[in-house]
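The structure appears below as C-alpha cells.
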Amino acid sequence: MKISFLLSRGILTVLFCIAGLAFTADLHPTLAMGSAAPPFSLQGVDGKTYNLQSFKDAKILAIVFTCNHCPTAQAYESRIMKLAGDYAGKGVALVAIMPNDPKSINLDELGYTDLSDTFDEMKIRAGQRHFNFPYLYDGDTQGVAKAYGPIATPHIFIFDKDRKLQYSGRIDNVEKPTKTPDTFDARNAIDALLANKEAPVKTTKVFGCSIKWAEKSNWIEKAKADWAKEPVSLNMIDVAGIKDLLKNNTDKLRLINVWATWCGPCVVEYPEFIAMNRMYRRRDFEFISISADDPVKKDKALKFLQDNQSSATNYLFSIDDKYKLIEAIDPKWQGALPYTLLVEPGGKIIYAKQGAIDPAELKKAIVEDSYIGRYY
C-alpha cells in the first residue's frame with residue numbers, strides 16, 4: 001500500500017514539474033547562447049545592491065538561479081559554495097539570484113524545507129550556511145528571472161569577459177550530495193573559458209524545482225479552497241490510547257500538540273501546526289492534536305478545530321482528570337499548556353516544549369530529522 005502511494009506521489013510530483021517547466025519554456029524562454037548578460041539591479045541579503053558593474057573586474061561571471069525551499073537547490077548549496085571558493089582567486093565571480101515569487105509557493109511545496117523564499121528567510125538561510133557569494137532577491141518583480149529564463153533551481157549561466165553567454169545548464173550530473181558526480185559541466189566550462197577556449201558543452205538540461213512565477217498565484221487560491229473542504233473530526237482518547245501514541249509504532253515522524261480552547265497561547269499558535277501539517281504531511285510525517293478541554297466541552301473543541309481547518313488526527317482526552325493526562329503524555333511535563341512533542345518511530349522523543357513553540361526552531365527540527373530530510 002505504501003509503495004503504491006509513494007509511486008503515485010512520485011508520478012504526481014513529476015507531472016507537476018513537467019507542467020511547470022513547460023509553462024516556463026512557453027512564457028519565459030531561456031537566454032540564447034552568445035547573448036549579452038541582461039542588466040539587473042538587485043538587493044542582496046547583505047544589504048548591498050548589485051548589478052553587472054559590481055563584477056566588472058571578473059574575467060568570468062557565473063550567475064546561479066537558486067532558492068531556499070527546493071530540495072535540489074539545497075542539495076547543491078555546498079557545491080555552489082565550493083565553486084565560488086575554488087575560482088574566486090582565478091578571476092571568476094559567482095552570484096546567486098532567488099527567482100521565485102514567495103506568494104506563489106504553496107505550503108505543500110515546502111515539504112523539504114523549514115524556510116520559504118521571502119527576502120527575510122533568504123537572510124536566515126545565507127547566515128545559517130555562511131554563503132560565500134552574493135545572494136540576491138528577484139521575487140517581487142521577477143524581472144531578471146524573466147530576462148534570463150532559468151528552467152529550474154539551480155540553473156547556472158556562465159558569461160565570458162565580454163559578458164556573452166557561453167554555458168547554460170546544470171552544475172554537474174548528480175543531485176544528491178551523498179553521491180559523487182562524474183560530469184562537471186559548469187567547472188569544465190569555466191576552465192575552458194579561463195584557458196581562452198570554448199566551453200566543451202554549451203547547454204545541458206536542468207533538473208530541479210520549477211520557477212514559481214507570479215502567474216501561478218491562482219494555484220494558491222485553489223489549494224485554500226481544497227483545504228477548506230477537508231473533513232475535520234474529533235475522537236475521544238484515554239490513557240492507554242495516549243501511551244500507544246507515544247510508542248509511535250509507525251514509520252512516521254509524529255508531531256503531537258496538547259492544547260485547550262481556554263489556553264490563550266494554544267489558540268494563538270495553533271495555525272502554525274496547521275501550516276506544518278500542510279507542509280510535511282506528504283512526507284513520512286503526521287500531526288496529532290490532543291485537546292485538554294473537559295469532555296463535556298467536546299462541541300466547543302470541535303468548533304475550534306473546524307474553524308482552523310484542522311483536518312489532521314484530533315483527539316479529546318476522555319477523562320476529566322488533567323493529572324492523568326499529564327502523566328500519560330510525559331512524566332517530565334509540569335502540566336502547563338500548550339505542550340508539544342516530536343516523536344520518532346519507536347517512541348524516541350526528540351523535541352519537547354512546554355509553552356509556546358518557536359515555529360522556525362520546530363520546523364528545522366522536523367526537516368533535519370533523518371526520517372524526513374532536505375533531499376529527495
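Residue numbers start at 1 in each chain; chains themselves are named A, B, ... in the order of the C-alpha cells; ligands are numbered from 1 in the order shown.
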
For stretch 45-77 of chain A against stretch 92-101 of chain A, with a cut-off of 7 Å and counting only C-alpha atoms, what is the closest atom pair and its distance in Å to one decimal for every residue that makes the cut, ordered by chain and number, as CSV?
residue,atom,partner,partner_atom,distance
A:Phe55,CA,A:Ala93,CA,6.6
A:Ala58,CA,A:Val92,CA,5.5
A:Lys59,CA,A:Val92,CA,5.9
A:Ile60,CA,A:Val92,CA,4.8
A:Leu61,CA,A:Ala93,CA,5.0
A:Ala62,CA,A:Leu94,CA,4.7
A:Ile63,CA,A:Val95,CA,5.1
A:Val64,CA,A:Ala96,CA,4.6
A:Phe65,CA,A:Ile97,CA,4.8
A:Thr66,CA,A:Met98,CA,5.3
A:Cys67,CA,A:Met98,CA,5.0

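Those residues that approach A:Ile319 to within 9 Å, counting only C-alpha atoms, are Ile237, Asp238, Val239, Asp294, Pro295, Leu316, Phe317, Asp321, Lys322, Lys324 and Leu325 of chain A; same-chain residues fewer than 2 positions away are not listed.
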
Exercise for the section: Enumerate, as an MDAnalysis selection string, the complete set of residues in stretch 62-208 of chain A that a backbone-based DSSP assignment places in strand (DSSP E or B). Expected result: chainID A and resid 62:65 92:98 135:137 152:153 155:159 164:169 203

Keeping N, CA and C atoms for every residue in the selection just given, could you write it to a file as an mmCIF file, in the first residue's frame?
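out-v7.cif written:
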data_model
loop_
_atom_site.group_PDB
_atom_site.id
_atom_site.type_symbol
_atom_site.label_atom_id
_atom_site.label_comp_id
_atom_site.auth_asym_id
_atom_site.auth_seq_id
_atom_site.Cartn_x
_atom_site.Cartn_y
_atom_site.Cartn_z
ATOM 1 N N ALA A 62 29.593 33.970 -13.255
ATOM 2 C CA ALA A 62 28.652 32.850 -13.146
ATOM 3 C C ALA A 62 27.443 33.310 -12.342
ATOM 4 N N ILE A 63 26.267 33.184 -12.934
ATOM 5 C CA ILE A 63 25.025 33.558 -12.263
ATOM 6 C C ILE A 63 24.200 32.292 -12.052
ATOM 7 N N VAL A 64 23.926 31.997 -10.783
ATOM 8 C CA VAL A 64 23.158 30.798 -10.434
ATOM 9 C C VAL A 64 21.781 31.216 -9.933
ATOM 10 N N PHE A 65 20.749 30.727 -10.579
ATOM 11 C CA PHE A 65 19.393 30.938 -10.086
ATOM 12 C C PHE A 65 19.064 29.780 -9.144
ATOM 13 N N VAL A 92 37.089 34.639 -11.297
ATOM 14 C CA VAL A 92 35.709 34.230 -11.552
ATOM 15 C C VAL A 92 34.819 34.748 -10.424
ATOM 16 N N ALA A 93 33.769 35.454 -10.777
ATOM 17 C CA ALA A 93 32.794 35.925 -9.788
ATOM 18 C C ALA A 93 31.535 35.079 -9.898
ATOM 19 N N LEU A 94 30.988 34.696 -8.760
ATOM 20 C CA LEU A 94 29.748 33.921 -8.734
ATOM 21 C C LEU A 94 28.720 34.674 -7.897
ATOM 22 N N VAL A 95 27.524 34.784 -8.447
ATOM 23 C CA VAL A 95 26.424 35.434 -7.748
ATOM 24 C C VAL A 95 25.184 34.560 -7.874
ATOM 25 N N ALA A 96 24.417 34.463 -6.797
ATOM 26 C CA ALA A 96 23.176 33.673 -6.807
ATOM 27 C C ALA A 96 21.978 34.612 -6.780
ATOM 28 N N ILE A 97 20.962 34.268 -7.548
ATOM 29 C CA ILE A 97 19.729 35.062 -7.611
ATOM 30 C C ILE A 97 18.544 34.156 -7.279
ATOM 31 N N MET A 98 17.700 34.609 -6.357
ATOM 32 C CA MET A 98 16.494 33.865 -5.991
ATOM 33 C C MET A 98 15.347 34.369 -6.866
ATOM 34 N N TYR A 135 23.850 36.813 -2.504
ATOM 35 C CA TYR A 135 22.573 36.116 -2.670
ATOM 36 C C TYR A 135 21.507 37.191 -2.848
ATOM 37 N N LEU A 136 20.955 37.304 -4.063
ATOM 38 C CA LEU A 136 20.114 38.435 -4.445
ATOM 39 C C LEU A 136 18.649 38.042 -4.586
ATOM 40 N N TYR A 137 17.781 38.988 -4.296
ATOM 41 C CA TYR A 137 16.338 38.748 -4.306
ATOM 42 C C TYR A 137 15.683 39.341 -5.544
ATOM 43 N N ALA A 152 14.884 25.777 -13.969
ATOM 44 C CA ALA A 152 14.647 25.200 -12.649
ATOM 45 C C ALA A 152 15.713 25.721 -11.697
ATOM 46 N N THR A 153 15.555 25.395 -10.427
ATOM 47 C CA THR A 153 16.591 25.741 -9.447
ATOM 48 C C THR A 153 17.294 24.463 -9.002
ATOM 49 N N HIS A 155 20.003 26.651 -11.695
ATOM 50 C CA HIS A 155 20.338 26.766 -13.111
ATOM 51 C C HIS A 155 21.452 27.799 -13.208
ATOM 52 N N ILE A 156 22.594 27.394 -13.776
ATOM 53 C CA ILE A 156 23.751 28.287 -13.832
ATOM 54 C C ILE A 156 23.965 28.824 -15.247
ATOM 55 N N PHE A 157 24.271 30.118 -15.337
ATOM 56 C CA PHE A 157 24.605 30.796 -16.589
ATOM 57 C C PHE A 157 26.033 31.320 -16.451
ATOM 58 N N ILE A 158 26.896 30.999 -17.413
ATOM 59 C CA ILE A 158 28.301 31.408 -17.333
ATOM 60 C C ILE A 158 28.634 32.318 -18.512
ATOM 61 N N PHE A 159 29.151 33.506 -18.180
ATOM 62 C CA PHE A 159 29.452 34.538 -19.181
ATOM 63 C C PHE A 159 30.956 34.795 -19.253
ATOM 64 N N LYS A 164 29.178 37.656 -22.626
ATOM 65 C CA LYS A 164 28.374 36.909 -23.582
ATOM 66 C C LYS A 164 28.200 35.484 -23.019
ATOM 67 N N LEU A 165 27.004 34.961 -23.140
ATOM 68 C CA LEU A 165 26.691 33.662 -22.553
ATOM 69 C C LEU A 165 27.448 32.544 -23.274
ATOM 70 N N GLN A 166 28.203 31.754 -22.494
ATOM 71 C CA GLN A 166 28.988 30.654 -23.054
ATOM 72 C C GLN A 166 28.568 29.278 -22.532
ATOM 73 N N TYR A 167 27.811 29.266 -21.442
ATOM 74 C CA TYR A 167 27.303 27.982 -20.922
ATOM 75 C C TYR A 167 26.023 28.241 -20.138
ATOM 76 N N SER A 168 25.062 27.330 -20.289
ATOM 77 C CA SER A 168 23.799 27.423 -19.551
ATOM 78 C C SER A 168 23.313 26.019 -19.236
ATOM 79 N N GLY A 169 23.055 25.742 -17.958
ATOM 80 C CA GLY A 169 22.539 24.418 -17.612
ATOM 81 C C GLY A 169 22.828 24.011 -16.190
ATOM 82 N N THR A 203 25.236 23.776 -23.570
ATOM 83 C CA THR A 203 23.984 23.723 -22.813
ATOM 84 C C THR A 203 23.700 22.303 -22.354
#

Practice task
Considering only C-alpha atoms, return as a list in words whatever protein or nucleic-acid residues lie within 7 Å of A:Asn314, sequence-local ones (same chain, fewer than 3 positions apart) excluded.
Solution key: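 Answer for this query is Ser233, Leu234, Asn235, Ile288, Ser289 and Ile290 of chain A.
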
Exercise for the section: Pick out the closest residue to A:Thr313 from this set: A:Gly91, A:Pro154, A:Pro231, A:Pro338. Count only C-alpha atoms. Expected result: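 Ranking A:Gly91, A:Pro154, A:Pro231, A:Pro338 by distance to A:Thr313, first place goes to A:Pro231.
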
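Counting only C-alpha atoms, A:Gly373 has the following residues at most 9 Å away, ignoring those fewer than 6 positions along the same chain: A:Tyr112, A:Thr113, A:Ile366, A:Val367.
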
Exercise for the section: Determine which residues of stretch 18-156 of chain A receive a DSSP assignment of alpha helix (DSSP H), computed from the backbone, and state them as a ChimeraX atom specification. Expected result: /A:18-27,71-87,119-129,143-148

Problem - For A:Glu368: contacts at 12 Å, only C-alpha atoms, fewer than 6 positions along chain excluded, given as JSON, numbers by chain - result: {"A": [111, 112, 113, 114, 253, 350, 361, 362, 374, 375]}

Handout entry: Pick from A:Met122, A:Ala73, A:Met236, A:Leu337 nearest to A:Ile357, counting only C-alpha atoms
Key = A:Leu337

Under the rule of at most 7 Å, produce a per-residue listing of stretch 54-115 of chain A near stretch 264-283 of chain A: chain, number, name, the closest pair of atoms, and the distance in Å, as a tab-separated table, using only C-alpha atoms.
residue	atom	partner	partner_atom	distance
A:Leu107	CA	A:Met279	CA	5.0
A:Asp108	CA	A:Met279	CA	4.5
A:Glu109	CA	A:Met279	CA	6.8
A:Leu110	CA	A:Met279	CA	5.3
A:Gly111	CA	A:Tyr280	CA	4.6

Selected residues written out with N, CA and C atoms, as a CSV table (one decimal), in the first residue's frame:
chain,number,residue,atom,x,y,z
A,107,LEU,N,2.0,25.8,0.5
A,107,LEU,CA,2.6,25.1,1.7
A,107,LEU,C,3.0,23.7,1.4
A,108,ASP,N,2.3,23.0,0.5
A,108,ASP,CA,2.7,21.6,0.3
A,108,ASP,C,3.9,21.5,-0.7
A,109,GLU,N,4.4,22.7,-1.1
A,109,GLU,CA,5.7,22.7,-1.9
A,109,GLU,C,6.9,22.9,-0.9
A,110,LEU,N,6.6,23.0,0.4
A,110,LEU,CA,7.7,23.3,1.3
A,110,LEU,C,8.0,22.0,2.2
A,111,GLY,N,7.7,20.9,1.6
A,111,GLY,CA,7.9,19.6,2.4
A,111,GLY,C,9.3,19.3,2.7

Exercise for the section: Quick one: everything within 10 Å of A:Val296, counting only C-alpha atoms, minus sequence neighbours fewer than 3 positions away in the same chain. Send it as a list in words. Expected result: Asp293, Asp299, Lys300, Ala301, Ser318 and Asp320 of chain A

Residues of the last selection are to be written out with C-alpha atoms, as a PDB file, in the first residue's frame.
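As a result, selection.pdb now contains:
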ATOM      1  CA  ASP A 293     -10.804  20.573  27.304  1.00  0.00           C
ATOM      2  CA  ASP A 299     -18.588  20.577  20.723  1.00  0.00           C
ATOM      3  CA  LYS A 300     -16.601  23.704  21.585  1.00  0.00           C
ATOM      4  CA  ALA A 301     -13.296  21.956  20.906  1.00  0.00           C
ATOM      5  CA  SER A 318     -11.866  11.373  27.687  1.00  0.00           C
ATOM      6  CA  ASP A 320     -11.873  14.834  33.443  1.00  0.00           C
TER       7      ASP A 320
END

Practice task
Go through A:His130, A:Lys212, A:Arg125, A:Arg187 and flag the residue nearest A:Ile105, using only C-alpha atoms for the distances.
Solution key: A:Lys212

Handout entry: Surrounding residues of stretch 196-200 of chain A excluding itself and chain neighbours under 5 positions, 9 Å, only C-alpha atoms, as number ranges by chain
Key = A: 166-167, 185, 188-191

Problem - Residue nearest A:His69 - candidates A:Pro102, A:Gly355, A:Pro29, A:Gly47, atoms counted: only C-alpha atoms - result: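 Residue with the minimum atom-to-atom distance to A:His69: A:Pro102.
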
Handout entry: Nearest to A:Gln309, chosen from A:Glu286, A:Asp226, A:Glu221, A:Asp182, with only C-alpha atoms counted in the distances
Key =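 Distance minimum relative to A:Gln309 lands on A:Asp226.
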
Practice task
Name the closest residue to A:Ile220 among the candidates A:Trp262, A:Asn106, A:Asp140, A:Ala84; distances are taken between atoms, counting only C-alpha atoms.
Solution key: A:Asn106
